[in-house]
$ cat run-v6.cif   # mmCIF, C-alpha atoms
data_protein
loop_
_atom_site.group_PDB
_atom_site.id
_atom_site.type_symbol
_atom_site.label_atom_id
_atom_site.label_comp_id
_atom_site.auth_asym_id
_atom_site.auth_seq_id
_atom_site.Cartn_x
_atom_site.Cartn_y
_atom_site.Cartn_z
ATOM 1 C CA MET G 1 46.793 -156.273 -52.792
ATOM 2 C CA THR G 2 50.071 -158.187 -52.467
ATOM 3 C CA SER G 3 53.322 -156.276 -52.242
ATOM 4 C CA PRO G 4 55.685 -156.561 -55.223
ATOM 5 C CA THR G 5 58.409 -157.859 -52.899
ATOM 6 C CA ALA G 6 56.196 -160.765 -51.821
ATOM 7 C CA LEU G 7 55.500 -161.569 -55.470
ATOM 8 C CA GLU G 8 59.166 -161.367 -56.402
ATOM 9 C CA ASN G 9 59.962 -163.736 -53.527
ATOM 10 C CA THR G 10 57.276 -166.124 -54.754
ATOM 11 C CA VAL G 11 58.789 -166.101 -58.235
ATOM 12 C CA ALA G 12 62.313 -166.410 -56.858
ATOM 13 C CA ASP G 13 61.361 -169.426 -54.716
ATOM 14 C CA GLY G 14 61.343 -171.883 -57.613
ATOM 15 C CA ASP G 15 58.703 -170.604 -60.002
ATOM 16 C CA SER G 16 60.946 -168.268 -61.966
ATOM 17 C CA ASN G 17 59.735 -169.782 -65.239
ATOM 18 C CA VAL G 18 56.047 -169.156 -64.433
ATOM 19 C CA MET G 19 56.193 -165.773 -66.166
ATOM 20 C CA ALA G 20 57.443 -167.480 -69.341
ATOM 21 C CA THR G 21 54.352 -169.676 -69.748
ATOM 22 C CA PRO G 22 52.131 -168.887 -72.747
ATOM 23 C CA PHE G 23 49.184 -167.954 -70.542
ATOM 24 C CA MET G 24 51.183 -165.510 -68.425
ATOM 25 C CA LYS G 25 52.818 -163.934 -71.489
ATOM 26 C CA CYS G 26 49.352 -163.369 -72.941
ATOM 27 C CA LEU G 27 48.032 -161.968 -69.652
ATOM 28 C CA ILE G 28 50.942 -159.555 -69.402
ATOM 29 C CA ARG G 29 50.369 -158.421 -73.014
ATOM 30 C CA LEU G 30 46.684 -157.807 -72.278
ATOM 31 C CA VAL G 31 47.387 -155.843 -69.110
ATOM 32 C CA ARG G 32 50.086 -153.756 -70.797
ATOM 33 C CA ALA G 33 47.738 -153.075 -73.727
ATOM 34 C CA GLN G 34 45.341 -151.399 -71.285
ATOM 35 C CA ASP G 35 48.008 -148.829 -70.367
ATOM 36 C CA THR G 36 47.167 -146.235 -73.010
ATOM 37 C CA HIS G 37 49.133 -143.439 -71.331
ATOM 38 C CA GLY G 38 52.333 -145.314 -70.466
ATOM 39 C CA ALA G 39 51.865 -145.106 -66.694
ATOM 40 C CA TRP G 40 52.934 -148.750 -66.238
ATOM 41 C CA GLU G 41 55.987 -148.726 -68.528
ATOM 42 C CA GLY G 42 58.412 -148.797 -65.596
ATOM 43 C CA LYS G 43 56.572 -151.584 -63.759
ATOM 44 C CA SER G 44 57.876 -155.124 -63.833
ATOM 45 C CA ASN G 45 55.608 -157.904 -65.011
ATOM 46 C CA THR G 46 55.204 -159.215 -61.474
ATOM 47 C CA ASP G 47 54.172 -155.744 -60.305
ATOM 48 C CA LEU G 48 51.559 -155.581 -63.060
ATOM 49 C CA LEU G 49 50.027 -158.873 -61.925
ATOM 50 C CA ALA G 50 50.172 -158.123 -58.193
ATOM 51 C CA ASP G 51 46.446 -157.391 -57.940
ATOM 52 C CA PHE G 52 45.614 -160.850 -59.322
ATOM 53 C CA ILE G 53 47.155 -162.325 -56.166
ATOM 54 C CA VAL G 54 44.917 -162.622 -53.108
ATOM 55 C CA THR G 55 46.449 -164.568 -50.245
ATOM 56 C CA LYS G 56 44.439 -166.670 -47.796
ATOM 57 C CA GLU G 57 44.956 -163.983 -45.171
ATOM 58 C CA GLN G 58 43.658 -161.253 -47.477
ATOM 59 C CA ARG G 59 40.690 -163.381 -48.505
ATOM 60 C CA HIS G 60 39.917 -164.070 -44.830
ATOM 61 C CA GLU G 61 39.862 -160.315 -44.119
ATOM 62 C CA MET G 62 37.342 -159.654 -46.903
ATOM 63 C CA PRO G 63 33.636 -159.701 -46.104
ATOM 64 C CA ILE G 64 31.765 -162.826 -47.157
ATOM 65 C CA ILE G 65 29.299 -160.726 -49.142
ATOM 66 C CA GLY G 66 30.443 -157.598 -50.928
ATOM 67 C CA ASP G 67 30.035 -155.620 -54.095
ATOM 68 C CA PRO G 68 32.976 -155.997 -56.505
ATOM 69 C CA ASP G 69 34.736 -152.797 -57.418
ATOM 70 C CA PRO G 70 35.442 -151.962 -61.072
ATOM 71 C CA ASP G 71 39.108 -153.008 -60.779
ATOM 72 C CA VAL G 72 38.137 -156.536 -59.705
ATOM 73 C CA ILE G 73 35.636 -156.812 -62.552
ATOM 74 C CA TRP G 74 38.327 -155.569 -64.952
ATOM 75 C CA ARG G 75 40.767 -158.257 -63.717
ATOM 76 C CA LEU G 76 38.068 -160.932 -64.101
ATOM 77 C CA GLN G 77 37.389 -159.805 -67.674
ATOM 78 C CA ILE G 78 41.106 -159.678 -68.520
ATOM 79 C CA PHE G 79 41.637 -163.186 -67.107
ATOM 80 C CA TYR G 80 38.833 -164.741 -69.176
ATOM 81 C CA THR G 81 39.790 -162.708 -72.251
ATOM 82 C CA CYS G 82 43.250 -164.222 -71.912
ATOM 83 C CA VAL G 83 41.693 -167.693 -71.708
ATOM 84 C CA GLY G 84 39.798 -166.932 -74.928
ATOM 85 C CA LEU G 85 42.957 -165.734 -76.652
ATOM 86 C CA GLY G 86 44.797 -168.866 -75.547
ATOM 87 C CA ILE G 87 42.051 -170.987 -77.080
ATOM 88 C CA GLU G 88 42.174 -168.954 -80.280
ATOM 89 C CA GLU G 89 45.960 -169.222 -80.491
ATOM 90 C CA ARG G 90 45.927 -173.007 -80.109
ATOM 91 C CA SER G 91 42.819 -173.858 -82.128
ATOM 92 C CA GLY G 92 42.605 -171.115 -84.735
ATOM 93 C CA LEU G 93 38.963 -170.573 -83.706
ATOM 94 C CA ILE G 94 37.656 -167.356 -82.194
ATOM 95 C CA ALA G 95 36.429 -167.825 -78.630
ATOM 96 C CA SER G 96 33.836 -165.294 -77.499
ATOM 97 C CA SER G 97 33.024 -164.584 -73.887
ATOM 98 C CA ILE G 98 29.731 -163.445 -72.429
ATOM 99 C CA MET G 99 29.598 -162.311 -68.822
ATOM 100 C CA MET G 100 26.420 -161.386 -67.014
ATOM 101 C CA MET G 101 26.776 -160.322 -63.410
ATOM 102 C CA ASN G 102 24.645 -158.440 -60.921
ATOM 103 C CA HIS G 103 25.943 -155.618 -58.726
ATOM 104 C CA GLU G 104 26.666 -158.077 -55.889
ATOM 105 C CA GLY G 105 29.145 -160.110 -57.967
ATOM 106 C CA PHE G 106 26.966 -163.104 -58.815
ATOM 107 C CA GLY G 107 26.362 -164.261 -62.366
ATOM 108 C CA ARG G 108 27.617 -166.431 -65.192
ATOM 109 C CA LEU G 109 30.460 -166.457 -67.670
ATOM 110 C CA VAL G 110 30.212 -168.415 -70.925
ATOM 111 C CA LEU G 111 32.943 -168.947 -73.526
ATOM 112 C CA THR G 112 31.850 -170.216 -76.946
ATOM 113 C CA THR G 113 33.248 -170.933 -80.367
ATOM 114 C CA GLY G 114 30.993 -171.701 -83.302
ATOM 115 C CA ARG G 115 27.994 -173.365 -81.656
ATOM 116 C CA LEU G 116 30.068 -175.052 -78.963
ATOM 117 C CA VAL G 117 30.110 -173.969 -75.317
ATOM 118 C CA LEU G 118 33.710 -174.235 -74.142
ATOM 119 C CA LEU G 119 33.223 -172.953 -70.610
ATOM 120 C CA SER G 120 30.184 -172.205 -68.503
ATOM 121 C CA LYS G 121 31.086 -170.878 -65.080
ATOM 122 C CA THR G 122 28.901 -169.608 -62.285
ATOM 123 C CA LEU G 123 30.378 -166.456 -60.786
ATOM 124 C CA ARG G 124 30.102 -166.012 -57.038
ATOM 125 C CA ASP G 125 31.883 -163.751 -54.607
ATOM 126 C CA VAL G 126 33.585 -161.884 -57.442
ATOM 127 C CA HIS G 127 34.853 -159.300 -54.944
ATOM 128 C CA ARG G 128 37.231 -162.063 -53.749
ATOM 129 C CA PHE G 129 38.549 -162.933 -57.241
ATOM 130 C CA GLY G 130 42.244 -163.729 -57.216
ATOM 131 C CA PHE G 131 44.804 -166.480 -56.905
ATOM 132 C CA GLU G 132 47.073 -167.530 -54.046
ATOM 133 C CA THR G 133 50.267 -167.362 -56.154
ATOM 134 C CA LEU G 134 51.429 -166.516 -59.650
ATOM 135 C CA ARG G 135 51.849 -170.247 -60.260
ATOM 136 C CA ASN G 136 48.177 -170.817 -59.318
ATOM 137 C CA LEU G 137 47.167 -168.014 -61.681
ATOM 138 C CA ALA G 138 49.161 -169.518 -64.556
ATOM 139 C CA ASP G 139 47.932 -173.052 -63.840
ATOM 140 C CA ALA G 140 44.276 -172.015 -63.619
ATOM 141 C CA GLY G 141 44.423 -170.200 -66.950
ATOM 142 C CA ALA G 142 46.327 -172.994 -68.688
ATOM 143 C CA LYS G 143 43.897 -175.601 -67.343
ATOM 144 C CA LEU G 144 40.892 -173.689 -68.702
ATOM 145 C CA VAL G 145 42.575 -173.388 -72.105
ATOM 146 C CA ASP G 146 43.512 -177.099 -72.112
ATOM 147 C CA ASN G 147 39.959 -178.144 -71.189
ATOM 148 C CA ALA G 148 38.491 -175.955 -73.919
ATOM 149 C CA ILE G 149 40.896 -177.396 -76.509
ATOM 150 C CA ALA G 150 39.888 -180.924 -75.448
ATOM 151 C CA THR G 151 36.233 -179.944 -75.905
ATOM 152 C CA ILE G 152 36.965 -178.577 -79.388
ATOM 153 C CA GLU G 153 38.821 -181.770 -80.303
ATOM 154 C CA ALA G 154 35.888 -183.878 -79.081
ATOM 155 C CA HIS G 155 33.348 -181.831 -81.085
ATOM 156 C CA PRO G 156 35.187 -180.243 -84.039
ATOM 157 C CA ASP G 157 32.100 -179.976 -86.265
ATOM 158 C CA VAL G 158 30.117 -178.091 -83.621
ATOM 159 C CA ALA G 159 33.099 -175.823 -82.911
ATOM 160 C CA ARG G 160 33.367 -174.901 -86.593
ATOM 161 C CA ALA G 161 29.612 -174.537 -87.190
ATOM 162 C CA SER G 162 28.300 -171.065 -87.817
#

$ encode --input "run-v6.cif" --output "structure tokens"
Amino acid sequence: MTSPTALENTVADGDSNVMATPFMKCLIRLVRAQDTHGAWEGKSNTDLLADFIVTKEQRHEMPIIGDPDPDVIWRLQIFYTCVGLGIEERSGLIASSIMMMNHEGFGRLVLTTGRLVLLSKTLRDVHRFGFETLRNLADAGAKLVDNAIATIEAHPDVARAS
């Protein structure tokens, strides 16, 4: 979606440490783990995450209603899997995700641990899934992890219940 040069400029313009955040390191590991044939070995980390970036202009060009393609659904799953791994890394508890979505990109995503719901998100317009910048991507993921950790800390017994 976004050219690698535009992403590199975004990173060079003051957010050079965004790729070093725990969430982005995890996301990069997950994306690279999907490359079973080594096709992405020569790609930089910013190139690998380029499809997660959807600028306002690109979003404006997309139809309001549209069916998400498999690549968009894959990116959505990778993003929330990374959130779950971030929760697991910080809390020591396994976070499981459940995503139900119809063919038009509407549905629900739930992240749980034990008997505790950590995140319940309505999915809409999934065909437009993406973030304005790499910083926004990193911040959104970190915020979801932080909120889930706060929920676990508020209800530790429910989080550890089986």

$ closest_atom_pairs --input "run-v6.cif" --of "stretch 69-103 of chain G" --to "stretch 111-117 of chain G" --cutoff "7 Å" --atoms "only C-alpha atoms" --output "CSV"
residue,atom,partner,partner_atom,distance
G:Leu93,CA,G:Thr113,CA,6.6
G:Ile94,CA,G:Thr113,CA,6.0
G:Ala95,CA,G:Thr113,CA,4.8
G:Ser96,CA,G:Thr112,CA,5.3
G:Ser97,CA,G:Leu111,CA,4.4
G:Ile98,CA,G:Leu111,CA,6.5

$ write_last_selection --input "run-v6.cif" --atoms "C-alpha atoms" --output "PDB file, keeping the file's coordinate frame"
ATOM      1  CA  LEU G  93      38.963-170.573 -83.706  1.00  0.00           C
ATOM      2  CA  ILE G  94      37.656-167.356 -82.194  1.00  0.00           C
ATOM      3  CA  ALA G  95      36.429-167.825 -78.630  1.00  0.00           C
ATOM      4  CA  SER G  96      33.836-165.294 -77.499  1.00  0.00           C
ATOM      5  CA  SER G  97      33.024-164.584 -73.887  1.00  0.00           C
ATOM      6  CA  ILE G  98      29.731-163.445 -72.429  1.00  0.00           C
TER       7      ILE G  98
END

$ atom_distance --input "run-v6.cif" --atom1 "atom CA of G:His127" --atom2 "atom CA of G:Trp40"
23.8 Å

$ atom_distance --input "run-v6.cif" --atom1 "atom CA of G:Gln34" --atom2 "atom CA of G:Ile73"
14.1 Å

$ atom_distance --input "run-v6.cif" --atom1 "atom CA of G:Leu137" --atom2 "atom CA of G:Met24"
8.2 Å

$ resolve_selection --input "run-v6.cif" --expression "the PyMOL selection byres ((chain G and resi 55-65) around 8)" --output "PyMOL selection string"
chain G and resi 1-2+53-54+66-67+104+125+128+131-133

$ resolve_selection --input "run-v6.cif" --expression "the PyMOL selection byres ((chain G and resi 80) around 10)" --output "JSON, numbers by chain"
{"G": [27, 75, 76, 77, 78, 79, 81, 82, 83, 84, 85, 86, 96, 97, 98, 99, 109, 110, 111, 141, 144, 145]}

$ closest_atom_pairs --input "run-v6.cif" --of "stretch 28-84 of chain G" --to "stretch 17-22 of chain G" --cutoff "10 Å" --atoms "only C-alpha atoms" --output "Markdown table"
| residue | atom | partner | partner_atom | distance |
| --- | --- | --- | --- | --- |
| G:Ile28 | CA | G:Met19 | CA | 8.8 |
| G:Asn45 | CA | G:Met19 | CA | 8.0 |
| G:Thr46 | CA | G:Met19 | CA | 8.1 |

$ residues_near_point --input "run-v6.cif" --point "(26.3, -158.3, -58.8)" --cutoff "9 Å" --atoms "all atoms listed in the file" --output "JSON, numbers by chain"
{"G": [66, 67, 68, 100, 101, 102, 103, 104, 105, 106, 107, 124, 125, 126]}

$ closest_residue --input "run-v6.cif" --among "G:Ile152, G:Leu118, G:Leu48, G:Ala161" --to "G:Leu30" --atoms "all atoms listed in the file"
G:Leu48

$ residues_near_point --input "run-v6.cif" --point "(28.6, -169.8, -63.3)" --cutoff "6 Å" --atoms "only C-alpha atoms" --output "VMD selection string"
chain G and resid 108 to 109 120 to 123

$ closest_residue --input "run-v6.cif" --among "G:Leu49, G:Pro70, G:Gly130, G:Ala159" --to "G:Ile87" --atoms "all atoms listed in the file"
G:Ala159

$ build_atoms --input "run-v6.cif" --residues "stretch 112-123 of chain G" --atoms "all heavy atoms" --output "compact mmCIF listing (two decimals), in the frame of the given file"
# COMPACT_ATOMS: atom_id res chain seq x y z
N THR G 112 32.32 -169.39 -75.84
CA THR G 112 31.85 -170.22 -76.95
C THR G 112 32.75 -170.05 -78.16
O THR G 112 33.46 -169.05 -78.30
CB THR G 112 30.42 -169.82 -77.36
OG1 THR G 112 30.42 -168.47 -77.83
CG2 THR G 112 29.45 -169.96 -76.21
N THR G 113 32.68 -171.03 -79.03
CA THR G 113 33.25 -170.93 -80.37
C THR G 113 32.31 -171.68 -81.29
O THR G 113 31.83 -172.76 -80.94
CB THR G 113 34.68 -171.48 -80.47
OG1 THR G 113 35.22 -171.14 -81.74
CG2 THR G 113 34.77 -172.96 -80.24
N GLY G 114 32.00 -171.09 -82.43
CA GLY G 114 30.99 -171.70 -83.30
C GLY G 114 29.70 -171.86 -82.53
O GLY G 114 29.18 -170.89 -81.97
N ARG G 115 29.21 -173.07 -82.44
CA ARG G 115 27.99 -173.36 -81.66
C ARG G 115 28.32 -174.19 -80.42
O ARG G 115 27.43 -174.76 -79.80
CB ARG G 115 26.98 -174.10 -82.52
CG ARG G 115 26.46 -173.22 -83.63
CD ARG G 115 25.43 -173.95 -84.45
NE ARG G 115 24.97 -173.08 -85.50
CZ ARG G 115 23.72 -172.68 -85.63
NH1 ARG G 115 22.82 -173.09 -84.78
NH2 ARG G 115 23.38 -171.89 -86.62
N LEU G 116 29.60 -174.23 -80.07
CA LEU G 116 30.07 -175.05 -78.96
C LEU G 116 30.35 -174.21 -77.72
O LEU G 116 31.06 -173.20 -77.80
CB LEU G 116 31.35 -175.79 -79.39
CG LEU G 116 31.97 -176.76 -78.40
CD1 LEU G 116 31.02 -177.92 -78.11
CD2 LEU G 116 33.27 -177.30 -78.96
N VAL G 117 29.81 -174.63 -76.59
CA VAL G 117 30.11 -173.97 -75.32
C VAL G 117 31.39 -174.59 -74.77
O VAL G 117 31.45 -175.79 -74.50
CB VAL G 117 28.95 -174.14 -74.31
CG1 VAL G 117 29.33 -173.57 -72.95
CG2 VAL G 117 27.69 -173.48 -74.84
N LEU G 118 32.41 -173.76 -74.63
CA LEU G 118 33.71 -174.24 -74.14
C LEU G 118 33.83 -174.14 -72.63
O LEU G 118 34.55 -174.92 -72.00
CB LEU G 118 34.83 -173.40 -74.78
CG LEU G 118 34.88 -173.42 -76.30
CD1 LEU G 118 35.91 -172.42 -76.79
CD2 LEU G 118 35.18 -174.81 -76.80
N LEU G 119 33.15 -173.17 -72.05
CA LEU G 119 33.22 -172.95 -70.61
C LEU G 119 31.93 -172.28 -70.16
O LEU G 119 31.48 -171.33 -70.78
CB LEU G 119 34.41 -172.04 -70.27
CG LEU G 119 34.53 -171.52 -68.85
CD1 LEU G 119 34.87 -172.66 -67.89
CD2 LEU G 119 35.58 -170.45 -68.75
N SER G 120 31.35 -172.82 -69.12
CA SER G 120 30.18 -172.20 -68.50
C SER G 120 30.47 -172.18 -67.01
O SER G 120 30.55 -173.23 -66.38
CB SER G 120 28.92 -173.02 -68.81
OG SER G 120 27.81 -172.44 -68.15
N LYS G 121 30.65 -171.00 -66.48
CA LYS G 121 31.09 -170.88 -65.08
C LYS G 121 30.14 -169.96 -64.32
O LYS G 121 29.85 -168.86 -64.76
CB LYS G 121 32.50 -170.33 -65.03
CG LYS G 121 33.02 -170.16 -63.62
CD LYS G 121 34.51 -170.13 -63.60
CE LYS G 121 35.07 -169.94 -62.22
NZ LYS G 121 34.80 -171.02 -61.31
N THR G 122 29.69 -170.44 -63.18
CA THR G 122 28.90 -169.61 -62.28
C THR G 122 29.86 -168.70 -61.53
O THR G 122 30.87 -169.17 -60.99
CB THR G 122 28.11 -170.48 -61.29
OG1 THR G 122 27.23 -171.33 -62.04
CG2 THR G 122 27.30 -169.63 -60.33
N LEU G 123 29.55 -167.43 -61.51
CA LEU G 123 30.38 -166.46 -60.79
C LEU G 123 29.74 -166.18 -59.44
O LEU G 123 28.56 -165.87 -59.36
CB LEU G 123 30.49 -165.16 -61.59
CG LEU G 123 31.08 -165.27 -62.98
CD1 LEU G 123 30.98 -163.95 -63.72
CD2 LEU G 123 32.53 -165.74 -62.92
